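Source file: start.pdb. Holds: PDB, C-alpha atoms, pLDDT in the B column.
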```pdb
ATOM      1  CA  MET A  10     147.539 158.585 136.575  1.00 45.00           C
ATOM      2  CA  THR A  11     150.951 158.534 134.968  1.00 50.00           C
ATOM      3  CA  ASN A  12     153.259 155.699 135.942  1.00 67.00           C
ATOM      4  CA  ASN A  13     156.293 157.990 136.067  1.00 90.00           C
ATOM      5  CA  ARG A  14     155.136 159.605 139.302  1.00 95.00           C
ATOM      6  CA  GLU A  15     156.569 158.774 142.700  1.00 96.00           C
ATOM      7  CA  ILE A  16     155.419 160.047 146.084  1.00 97.00           C
ATOM      8  CA  ARG A  17     157.681 159.974 149.135  1.00 97.00           C
ATOM      9  CA  ILE A  18     156.765 161.140 152.627  1.00 97.00           C
ATOM     10  CA  LEU A  19     159.676 162.396 154.730  1.00 97.00           C
ATOM     11  CA  ASP A  20     159.820 163.357 158.397  1.00 96.00           C
ATOM     12  CA  ASP A  21     159.839 167.123 157.928  1.00 96.00           C
ATOM     13  CA  ALA A  22     161.020 169.998 155.717  1.00 94.00           C
ATOM     14  CA  ASN A  23     164.613 169.119 156.509  1.00 95.00           C
ATOM     15  CA  GLY A  24     164.036 165.525 155.401  1.00 97.00           C
ATOM     16  CA  ILE A  25     162.523 166.830 152.167  1.00 98.00           C
ATOM     17  CA  ALA A  26     165.582 169.023 151.569  1.00 97.00           C
ATOM     18  CA  GLN A  27     168.026 166.170 152.272  1.00 97.00           C
ATOM     19  CA  THR A  28     166.215 163.825 149.905  1.00 98.00           C
ATOM     20  CA  ALA A  29     166.020 166.562 147.270  1.00 98.00           C
ATOM     21  CA  ALA A  30     169.780 167.138 147.664  1.00 98.00           C
ATOM     22  CA  ALA A  31     170.492 163.450 146.988  1.00 98.00           C
ATOM     23  CA  GLU A  32     168.225 163.573 143.925  1.00 98.00           C
ATOM     24  CA  PHE A  33     169.893 166.814 142.763  1.00 98.00           C
ATOM     25  CA  LEU A  34     173.311 165.133 142.947  1.00 98.00           C
ATOM     26  CA  ASP A  35     172.026 162.064 141.141  1.00 98.00           C
ATOM     27  CA  ALA A  36     170.526 164.142 138.317  1.00 98.00           C
ATOM     28  CA  ALA A  37     173.690 166.259 138.060  1.00 98.00           C
ATOM     29  CA  ARG A  38     175.988 163.230 137.916  1.00 98.00           C
ATOM     30  CA  GLU A  39     173.874 161.583 135.244  1.00 98.00           C
ATOM     31  CA  ALA A  40     173.664 164.701 133.074  1.00 98.00           C
ATOM     32  CA  VAL A  41     177.366 165.534 133.336  1.00 98.00           C
ATOM     33  CA  GLN A  42     178.296 161.947 132.492  1.00 98.00           C
ATOM     34  CA  GLU A  43     175.975 161.971 129.503  1.00 98.00           C
ATOM     35  CA  LYS A  44     176.643 165.407 127.999  1.00 97.00           C
ATOM     36  CA  GLY A  45     179.140 167.285 130.150  1.00 98.00           C
ATOM     37  CA  SER A  46     176.685 169.775 131.642  1.00 98.00           C
ATOM     38  CA  PHE A  47     173.648 169.990 133.942  1.00 98.00           C
ATOM     39  CA  THR A  48     170.712 172.378 133.537  1.00 98.00           C
ATOM     40  CA  VAL A  49     168.468 173.063 136.510  1.00 98.00           C
ATOM     41  CA  ALA A  50     165.493 175.386 137.030  1.00 98.00           C
ATOM     42  CA  LEU A  51     165.370 176.681 140.596  1.00 98.00           C
ATOM     43  CA  ALA A  52     162.240 177.408 142.624  1.00 98.00           C
ATOM     44  CA  GLY A  53     161.498 180.016 145.255  1.00 95.00           C
ATOM     45  CA  GLY A  54     160.031 179.201 148.658  1.00 91.00           C
ATOM     46  CA  SER A  55     161.087 178.043 152.099  1.00 90.00           C
ATOM     47  CA  THR A  56     161.785 174.353 151.386  1.00 89.00           C
ATOM     48  CA  PRO A  57     163.977 174.990 148.319  1.00 96.00           C
ATOM     49  CA  LYS A  58     165.862 177.520 150.449  1.00 96.00           C
ATOM     50  CA  VAL A  59     166.777 174.752 152.907  1.00 96.00           C
ATOM     51  CA  LEU A  60     167.899 172.582 149.976  1.00 97.00           C
ATOM     52  CA  TYR A  61     170.106 175.355 148.553  1.00 98.00           C
ATOM     53  CA  GLY A  62     171.656 175.935 151.965  1.00 97.00           C
ATOM     54  CA  LEU A  63     172.483 172.231 152.279  1.00 97.00           C
ATOM     55  CA  LEU A  64     174.098 172.037 148.838  1.00 98.00           C
ATOM     56  CA  ALA A  65     176.278 175.095 149.444  1.00 97.00           C
ATOM     57  CA  SER A  66     177.089 174.741 153.158  1.00 96.00           C
ATOM     58  CA  ASN A  67     177.217 171.017 153.915  1.00 96.00           C
ATOM     59  CA  PRO A  68     180.874 170.111 153.172  1.00 96.00           C
ATOM     60  CA  LEU A  69     180.081 166.529 152.119  1.00 95.00           C
ATOM     61  CA  LEU A  70     177.380 167.619 149.699  1.00 95.00           C
ATOM     62  CA  GLN A  71     179.216 170.685 148.422  1.00 96.00           C
ATOM     63  CA  ALA A  72     182.216 168.551 147.446  1.00 97.00           C
ATOM     64  CA  LYS A  73     180.015 166.282 145.311  1.00 97.00           C
ATOM     65  CA  VAL A  74     178.226 168.993 143.311  1.00 98.00           C
ATOM     66  CA  PRO A  75     179.800 169.531 139.857  1.00 98.00           C
ATOM     67  CA  TRP A  76     179.454 173.304 140.297  1.00 98.00           C
ATOM     68  CA  SER A  77     181.435 174.377 137.235  1.00 98.00           C
ATOM     69  CA  LYS A  78     179.247 172.292 134.904  1.00 98.00           C
ATOM     70  CA  ILE A  79     175.853 173.603 136.065  1.00 98.00           C
ATOM     71  CA  GLN A  80     173.689 176.186 134.315  1.00 98.00           C
ATOM     72  CA  PHE A  81     171.200 177.661 136.800  1.00 98.00           C
ATOM     73  CA  PHE A  82     167.845 179.008 135.604  1.00 99.00           C
ATOM     74  CA  PHE A  83     164.666 180.097 137.411  1.00 98.00           C
ATOM     75  CA  GLY A  84     161.239 178.589 136.781  1.00 98.00           C
ATOM     76  CA  ASP A  85     159.555 181.833 137.789  1.00 98.00           C
ATOM     77  CA  GLU A  86     160.199 185.222 139.330  1.00 98.00           C
ATOM     78  CA  ARG A  87     158.311 188.006 141.043  1.00 98.00           C
ATOM     79  CA  HIS A  88     158.016 191.390 139.321  1.00 98.00           C
ATOM     80  CA  VAL A  89     160.616 192.947 141.636  1.00 98.00           C
ATOM     81  CA  PRO A  90     164.303 193.998 141.489  1.00 98.00           C
ATOM     82  CA  PRO A  91     166.957 191.359 142.320  1.00 98.00           C
ATOM     83  CA  ASP A  92     167.723 192.904 145.703  1.00 98.00           C
ATOM     84  CA  ASN A  93     164.063 192.825 146.814  1.00 98.00           C
ATOM     85  CA  THR A  94     163.254 190.459 149.702  1.00 97.00           C
ATOM     86  CA  GLU A  95     160.526 188.881 147.513  1.00 97.00           C
ATOM     87  CA  SER A  96     162.991 188.008 144.724  1.00 98.00           C
ATOM     88  CA  ASN A  97     163.574 184.300 144.043  1.00 98.00           C
ATOM     89  CA  PHE A  98     166.974 185.224 142.625  1.00 98.00           C
ATOM     90  CA  ARG A  99     167.944 187.011 145.821  1.00 98.00           C
ATOM     91  CA  MET A 100     166.897 184.034 147.946  1.00 98.00           C
ATOM     92  CA  ALA A 101     168.830 181.537 145.805  1.00 98.00           C
ATOM     93  CA  SER A 102     171.858 183.843 145.755  1.00 98.00           C
ATOM     94  CA  GLU A 103     171.950 184.281 149.507  1.00 98.00           C
ATOM     95  CA  ALA A 104     171.288 180.602 150.263  1.00 98.00           C
ATOM     96  CA  MET A 105     173.532 179.018 147.629  1.00 98.00           C
ATOM     97  CA  LEU A 106     174.878 180.825 144.577  1.00 98.00           C
ATOM     98  CA  SER A 107     176.981 183.409 146.443  1.00 97.00           C
ATOM     99  CA  LYS A 108     178.478 180.691 148.678  1.00 96.00           C
ATOM    100  CA  ALA A 109     179.316 178.154 145.985  1.00 97.00           C
ATOM    101  CA  PRO A 110     182.107 178.161 143.372  1.00 97.00           C
ATOM    102  CA  VAL A 111     179.795 179.422 140.632  1.00 97.00           C
ATOM    103  CA  ASP A 112     180.690 181.894 137.888  1.00 97.00           C
ATOM    104  CA  PRO A 113     178.021 184.606 137.392  1.00 97.00           C
ATOM    105  CA  LYS A 114     177.837 183.493 133.734  1.00 97.00           C
ATOM    106  CA  GLN A 115     176.354 180.193 134.917  1.00 98.00           C
ATOM    107  CA  VAL A 116     173.385 181.949 136.521  1.00 98.00           C
ATOM    108  CA  HIS A 117     170.514 182.989 134.247  1.00 98.00           C
ATOM    109  CA  ARG A 118     168.439 185.571 136.052  1.00 98.00           C
ATOM    110  CA  ILE A 119     164.945 186.745 135.115  1.00 98.00           C
ATOM    111  CA  LYS A 120     165.078 190.546 135.025  1.00 98.00           C
ATOM    112  CA  GLY A 121     162.088 191.119 137.303  1.00 98.00           C
ATOM    113  CA  GLU A 122     163.062 194.762 137.780  1.00 98.00           C
ATOM    114  CA  LYS A 123     161.916 195.684 134.248  1.00 98.00           C
ATOM    115  CA  ARG A 124     158.860 197.889 134.360  1.00 97.00           C
ATOM    116  CA  ASN A 125     157.244 195.801 131.670  1.00 98.00           C
ATOM    117  CA  ALA A 126     156.992 192.187 132.881  1.00 98.00           C
ATOM    118  CA  ALA A 127     156.192 191.003 129.336  1.00 98.00           C
ATOM    119  CA  GLN A 128     159.542 192.354 128.172  1.00 98.00           C
ATOM    120  CA  ALA A 129     161.320 190.503 130.995  1.00 98.00           C
ATOM    121  CA  ALA A 130     159.553 187.309 129.880  1.00 98.00           C
ATOM    122  CA  GLU A 131     160.540 187.839 126.220  1.00 98.00           C
ATOM    123  CA  GLU A 132     164.190 188.422 127.158  1.00 98.00           C
ATOM    124  CA  TYR A 133     164.246 185.301 129.319  1.00 98.00           C
ATOM    125  CA  GLU A 134     162.695 183.247 126.538  1.00 98.00           C
ATOM    126  CA  GLN A 135     165.487 184.486 124.272  1.00 98.00           C
ATOM    127  CA  ASP A 136     168.050 183.462 126.900  1.00 98.00           C
ATOM    128  CA  LEU A 137     166.547 179.948 126.926  1.00 98.00           C
ATOM    129  CA  ARG A 138     166.581 179.750 123.118  1.00 98.00           C
ATOM    130  CA  THR A 139     170.231 180.815 122.998  1.00 98.00           C
ATOM    131  CA  SER A 140     171.403 178.701 125.942  1.00 98.00           C
ATOM    132  CA  PHE A 141     169.727 175.534 124.674  1.00 98.00           C
ATOM    133  CA  GLN A 142     170.419 176.342 120.992  1.00 98.00           C
ATOM    134  CA  LEU A 143     166.764 175.820 120.124  1.00 98.00           C
ATOM    135  CA  GLN A 144     165.131 175.735 116.722  1.00 96.00           C
ATOM    136  CA  PRO A 145     162.011 177.964 116.534  1.00 93.00           C
ATOM    137  CA  ASP A 146     159.610 175.101 117.349  1.00 93.00           C
ATOM    138  CA  GLN A 147     161.797 173.362 119.954  1.00 97.00           C
ATOM    139  CA  LEU A 148     161.400 173.286 123.732  1.00 98.00           C
ATOM    140  CA  PRO A 149     164.317 173.318 126.173  1.00 98.00           C
ATOM    141  CA  ARG A 150     164.851 170.029 127.982  1.00 98.00           C
ATOM    142  CA  PHE A 151     165.895 170.703 131.553  1.00 98.00           C
ATOM    143  CA  ASP A 152     167.724 167.947 133.390  1.00 98.00           C
ATOM    144  CA  LEU A 153     165.939 168.973 136.586  1.00 98.00           C
ATOM    145  CA  VAL A 154     163.111 171.351 137.468  1.00 98.00           C
ATOM    146  CA  LEU A 155     162.466 172.147 141.134  1.00 98.00           C
ATOM    147  CA  LEU A 156     158.918 173.178 142.049  1.00 98.00           C
ATOM    148  CA  GLY A 157     156.822 173.993 145.074  1.00 97.00           C
ATOM    149  CA  MET A 158     153.062 174.112 145.387  1.00 97.00           C
ATOM    150  CA  GLY A 159     150.880 176.786 146.941  1.00 96.00           C
ATOM    151  CA  PRO A 160     147.894 176.113 149.219  1.00 96.00           C
ATOM    152  CA  GLU A 161     145.544 176.742 146.286  1.00 96.00           C
ATOM    153  CA  GLY A 162     147.410 174.331 143.988  1.00 97.00           C
ATOM    154  CA  HIS A 163     149.567 176.771 142.030  1.00 98.00           C
ATOM    155  CA  THR A 164     153.104 175.913 140.963  1.00 98.00           C
ATOM    156  CA  ALA A 165     155.875 178.113 139.531  1.00 98.00           C
ATOM    157  CA  SER A 166     153.732 181.223 138.861  1.00 98.00           C
ATOM    158  CA  LEU A 167     150.921 179.281 137.219  1.00 98.00           C
ATOM    159  CA  PHE A 168     147.969 180.341 139.359  1.00 98.00           C
ATOM    160  CA  PRO A 169     144.385 179.069 139.080  1.00 98.00           C
ATOM    161  CA  GLY A 170     142.390 180.754 136.331  1.00 97.00           C
ATOM    162  CA  THR A 171     145.339 182.717 134.870  1.00 98.00           C
ATOM    163  CA  LYS A 172     146.059 183.044 131.175  1.00 98.00           C
ATOM    164  CA  ALA A 173     149.476 181.328 131.286  1.00 98.00           C
ATOM    165  CA  LEU A 174     147.729 177.974 131.873  1.00 98.00           C
ATOM    166  CA  LYS A 175     146.547 178.001 128.244  1.00 98.00           C
ATOM    167  CA  GLU A 176     149.889 179.022 126.726  1.00 98.00           C
ATOM    168  CA  GLU A 177     151.134 176.444 124.220  1.00 96.00           C
ATOM    169  CA  ARG A 178     153.740 178.266 122.130  1.00 96.00           C
ATOM    170  CA  ARG A 179     155.718 180.595 124.372  1.00 98.00           C
ATOM    171  CA  LEU A 180     158.458 179.362 126.716  1.00 98.00           C
ATOM    172  CA  VAL A 181     158.198 182.198 129.256  1.00 98.00           C
ATOM    173  CA  VAL A 182     155.307 184.606 129.828  1.00 98.00           C
ATOM    174  CA  SER A 183     154.277 187.382 132.149  1.00 98.00           C
ATOM    175  CA  ASN A 184     151.221 186.218 134.042  1.00 98.00           C
ATOM    176  CA  TRP A 185     148.841 188.639 135.738  1.00 98.00           C
ATOM    177  CA  VAL A 186     147.704 187.248 139.109  1.00 98.00           C
ATOM    178  CA  GLY A 187     144.621 189.225 140.092  1.00 96.00           C
ATOM    179  CA  LYS A 188     144.374 187.987 143.660  1.00 94.00           C
ATOM    180  CA  LEU A 189     147.930 189.228 144.325  1.00 95.00           C
ATOM    181  CA  TYR A 190     147.460 192.299 142.099  1.00 97.00           C
ATOM    182  CA  THR A 191     150.807 191.730 140.415  1.00 97.00           C
ATOM    183  CA  ASP A 192     152.500 190.276 137.368  1.00 98.00           C
ATOM    184  CA  ARG A 193     154.686 187.214 137.685  1.00 98.00           C
ATOM    185  CA  ILE A 194     157.144 185.908 135.108  1.00 98.00           C
ATOM    186  CA  THR A 195     156.945 182.151 134.645  1.00 98.00           C
ATOM    187  CA  PHE A 196     157.894 179.139 132.546  1.00 98.00           C
ATOM    188  CA  THR A 197     154.906 177.841 130.611  1.00 98.00           C
ATOM    189  CA  PRO A 198     153.438 174.333 131.025  1.00 98.00           C
ATOM    190  CA  PRO A 199     155.081 172.980 127.824  1.00 98.00           C
ATOM    191  CA  VAL A 200     158.545 173.888 129.163  1.00 98.00           C
ATOM    192  CA  LEU A 201     157.907 172.316 132.578  1.00 98.00           C
ATOM    193  CA  ASN A 202     156.489 169.201 130.921  1.00 98.00           C
ATOM    194  CA  ASN A 203     159.554 168.747 128.728  1.00 98.00           C
ATOM    195  CA  ALA A 204     161.900 168.261 131.704  1.00 98.00           C
ATOM    196  CA  ALA A 205     163.731 164.996 132.304  1.00 98.00           C
ATOM    197  CA  ARG A 206     163.053 165.213 136.054  1.00 98.00           C
ATOM    198  CA  VAL A 207     160.703 167.308 138.153  1.00 98.00           C
ATOM    199  CA  ILE A 208     160.825 167.446 141.946  1.00 98.00           C
ATOM    200  CA  PHE A 209     157.914 168.930 143.890  1.00 98.00           C
ATOM    201  CA  MET A 210     158.713 169.877 147.492  1.00 98.00           C
ATOM    202  CA  VAL A 211     155.581 170.391 149.588  1.00 97.00           C
ATOM    203  CA  HIS A 212     155.237 170.800 153.326  1.00 95.00           C
ATOM    204  CA  GLY A 213     152.704 172.264 155.728  1.00 96.00           C
ATOM    205  CA  GLU A 214     149.190 171.428 156.809  1.00 97.00           C
ATOM    206  CA  GLU A 215     147.698 174.314 154.801  1.00 97.00           C
ATOM    207  CA  LYS A 216     148.719 172.479 151.592  1.00 97.00           C
ATOM    208  CA  ALA A 217     146.931 169.211 152.504  1.00 98.00           C
ATOM    209  CA  PRO A 218     143.520 169.833 150.811  1.00 98.00           C
ATOM    210  CA  ALA A 219     145.044 171.071 147.533  1.00 98.00           C
ATOM    211  CA  LEU A 220     147.629 168.284 147.541  1.00 98.00           C
ATOM    212  CA  LYS A 221     144.905 165.638 147.926  1.00 98.00           C
ATOM    213  CA  ALA A 222     142.963 167.225 145.055  1.00 98.00           C
ATOM    214  CA  VAL A 223     146.060 167.445 142.833  1.00 98.00           C
ATOM    215  CA  LEU A 224     147.191 163.864 143.415  1.00 97.00           C
ATOM    216  CA  GLU A 225     143.867 162.053 143.877  1.00 97.00           C
ATOM    217  CA  GLY A 226     141.097 164.260 142.524  1.00 97.00           C
ATOM    218  CA  PRO A 227     139.675 164.692 139.029  1.00 98.00           C
ATOM    219  CA  TYR A 228     141.833 166.487 136.462  1.00 97.00           C
ATOM    220  CA  GLU A 229     140.898 170.173 136.847  1.00 98.00           C
ATOM    221  CA  PRO A 230     144.052 172.103 135.871  1.00 98.00           C
ATOM    222  CA  GLU A 231     142.218 175.433 135.663  1.00 98.00           C
ATOM    223  CA  GLN A 232     141.619 175.120 139.404  1.00 98.00           C
ATOM    224  CA  LEU A 233     144.739 173.120 140.283  1.00 98.00           C
ATOM    225  CA  PRO A 234     147.597 174.101 137.954  1.00 98.00           C
ATOM    226  CA  ALA A 235     150.052 171.683 139.626  1.00 98.00           C
ATOM    227  CA  GLN A 236     148.057 168.874 137.975  1.00 98.00           C
ATOM    228  CA  MET A 237     149.341 170.049 134.599  1.00 98.00           C
ATOM    229  CA  ILE A 238     152.893 169.006 135.372  1.00 98.00           C
ATOM    230  CA  GLN A 239     153.070 165.506 133.922  1.00 96.00           C
ATOM    231  CA  PRO A 240     156.155 165.149 131.716  1.00 96.00           C
ATOM    232  CA  LYS A 241     155.617 162.494 129.052  1.00 89.00           C
ATOM    233  CA  GLN A 242     159.313 161.670 128.833  1.00 95.00           C
ATOM    234  CA  GLY A 243     160.357 162.479 132.347  1.00 97.00           C
ATOM    235  CA  LYS A 244     159.856 161.565 135.988  1.00 97.00           C
ATOM    236  CA  VAL A 245     157.992 163.460 138.694  1.00 98.00           C
ATOM    237  CA  LEU A 246     158.960 163.008 142.323  1.00 98.00           C
ATOM    238  CA  TRP A 247     156.718 164.429 145.057  1.00 98.00           C
ATOM    239  CA  LEU A 248     158.559 164.964 148.352  1.00 98.00           C
ATOM    240  CA  LEU A 249     156.048 165.610 151.142  1.00 98.00           C
ATOM    241  CA  ASP A 250     156.023 166.025 154.888  1.00 97.00           C
ATOM    242  CA  PRO A 251     153.384 164.200 156.999  1.00 97.00           C
ATOM    243  CA  SER A 252     151.249 167.319 157.506  1.00 97.00           C
ATOM    244  CA  ALA A 253     150.988 168.053 153.768  1.00 97.00           C
ATOM    245  CA  ALA A 254     150.284 164.356 153.106  1.00 97.00           C
ATOM    246  CA  SER A 255     147.800 163.986 155.978  1.00 97.00           C
ATOM    247  CA  MET A 256     144.705 163.784 153.764  1.00 97.00           C
ATOM    248  CA  LEU A 257     146.070 161.337 151.175  1.00 97.00           C
ATOM    249  CA  VAL A 258     144.587 157.848 151.137  1.00 92.00           C
ATOM    250  CA  PRO A 259     147.170 155.303 152.352  1.00 83.00           C
ATOM    251  CA  GLN A 260     147.779 153.536 149.026  1.00 65.00           C
ATOM    252  CA  ALA A 261     148.456 156.902 147.340  1.00 53.00           C
ATOM    253  CA  LYS A 262     151.392 157.418 149.636  1.00 54.00           C
ATOM    254  CA  GLY A 263     153.624 154.840 147.965  1.00 52.00           C
ATOM    255  CA  ALA A 264     154.981 154.947 144.420  1.00 48.00           C
ATOM    256  CA  VAL A 265     152.149 155.448 141.962  1.00 43.00           C
TER
END
```

Could you take the file, read its structure, and then write that structure out as structure tokens?
Amino acid sequence: MTNNREIRILDDANGIAQTAAAEFLDAAREAVQEKGSFTVALAGGSTPKVLYGLLASNPLLQAKVPWSKIQFFFGDERHVPPDNTESNFRMASEAMLSKAPVDPKQVHRIKGEKRNAAQAAEEYEQDLRTSFQLQPDQLPRFDLVLLGMGPEGHTASLFPGTKALKEERRLVVSNWVGKLYTDRITFTPPVLNNAARVIFMVHGEEKAPALKAVLEGPYEPEQLPAQMIQPKQGKVLWLLDPSAASMLVPQAKGAV
């Protein structure tokens, strides 16, 4: 496997969030020092929600975040309006963005309310191209991408067997997920793999079989899309709780 992968097992979801917060601050400090700004792609899900709450509500952490220098993006979004309970944007807003000193211009939302999900994907791709000042063949380089993993090994909205897994040119696509009977809007693998840092946050016993397969099994990205996320010029940090990590062989639990 790649030597830029690290696996850490924390006590629980709260431990994952606290460690992720420290890593978030570290990545932000480094990026701001280097180029005066910090780009992060947010994830949906319960563990990221705890992280966002910590960053916005813990006074010690909140004081250290360079809020005014951050550009917030979303790695994926559901095909729903921003006020829908399923919306990743709504969750991140309620947990962090509405509570922090952030200008709305710093938040790049995927317009999941558009009837045509493909149009929402095209508009978001254009936002990325403009924000990162990309040439036609360039990929954005995020300072940090936050990801979760589903019990069947999906990440962002890259689900097993879906067409987005094979996308090599587009930055953002609409991805039909048959088992959920819905479109999702998601970053493509090339964008995720161009990040400087990726943090996976995974907790819960129901994730254990897929996690073992992703980290220790043969490379089968069609079945386990999370395996695709292996940045060549970046680092991947897996933050796990003991129940998610329960099936891993002991030596796989340290840095790999």

Residues selected by the PyMOL selection byres ((chain A and resi 66) around 12), written as an MDAnalysis selection string = chainID A and resid 30 58:65 67:74 103:110

Selection under test: the PyMOL selection byres ((chain A and resi 38) around 12); residues as number ranges by chain | A: 31-37, 39-48, 73-76, 78-79, 152-153

What do you get, as a PyMOL selection string, if you spell out every residue that the PyMOL selection byres ((chain A and resi 204) around 10) selects here?
-> chain A and resi 48-50+148-154+199-203+205-207+238-245

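One finds CA of Asp250 (chain A) at 27.7 Å from CA of Val186 (chain A).
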
Pick out the residues sitting within 8 Å of Pro218 (chain A), and hand them over as an NGL selection string; count only C-alpha atoms, and ignore anything fewer than 4 positions along from it in its own chain.
-> :A and (160 or 222 or 256)

Suppose you want the space between CA of Asn23 (chain A) and CA of Gly159 (chain A); what is it in Å?
->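 It comes out at 18.4 Å.
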
Closest of A:Ala126, A:Thr197, A:Thr171, A:Phe82 to Ser140 (chain A), counting all atoms listed in the file, is A:Phe82

Mind giving me the straight-line distance from CA of Ala253 (chain A) to CA of Lys216 (chain A) in Å, one decimal?
->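 Between these atoms lies a distance of 5.4 Å.
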
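Minimum atom-to-atom distance to Glu131 (chain A), evaluated using all atoms listed in the file, belongs to A:Ile194 out of A:Ile194, A:Val89, A:Ala29, A:Val211.
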
Exercise on region 140-155 of chain A, axis-aligned box with 8 Å per side, report centre and edge lengths in Å to one decimal, as JSON:
```
{"center_x": 165.5, "center_y": 173.3, "center_z": 128.8, "size_x": 27.8, "size_y": 26.8, "size_z": 40.6}
```

Contact residues around Leu249 (chain A) with all atoms listed in the file at 8 Å, ignoring same-chain residues under 2 positions, as a ChimeraX atom specification = /A:16-19,21,25,210-212,247,251,253-254

Selection to disk with C-alpha atoms, as a compact mmCIF listing (two decimals), in the frame of the given file:
```txt
# COMPACT_ATOMS: atom_id res chain seq x y z
CA ILE A 16 155.42 160.05 146.08
CA ARG A 17 157.68 159.97 149.14
CA ILE A 18 156.76 161.14 152.63
CA LEU A 19 159.68 162.40 154.73
CA ASP A 21 159.84 167.12 157.93
CA ILE A 25 162.52 166.83 152.17
CA MET A 210 158.71 169.88 147.49
CA VAL A 211 155.58 170.39 149.59
CA HIS A 212 155.24 170.80 153.33
CA TRP A 247 156.72 164.43 145.06
CA PRO A 251 153.38 164.20 157.00
CA ALA A 253 150.99 168.05 153.77
CA ALA A 254 150.28 164.36 153.11
```

Closest to Met237 (chain A) among A:Gln80, A:Thr164, A:Thr191, A:Asn93, using only C-alpha atoms?
->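 For Met237 (chain A), the nearest of the given residues is A:Thr164.
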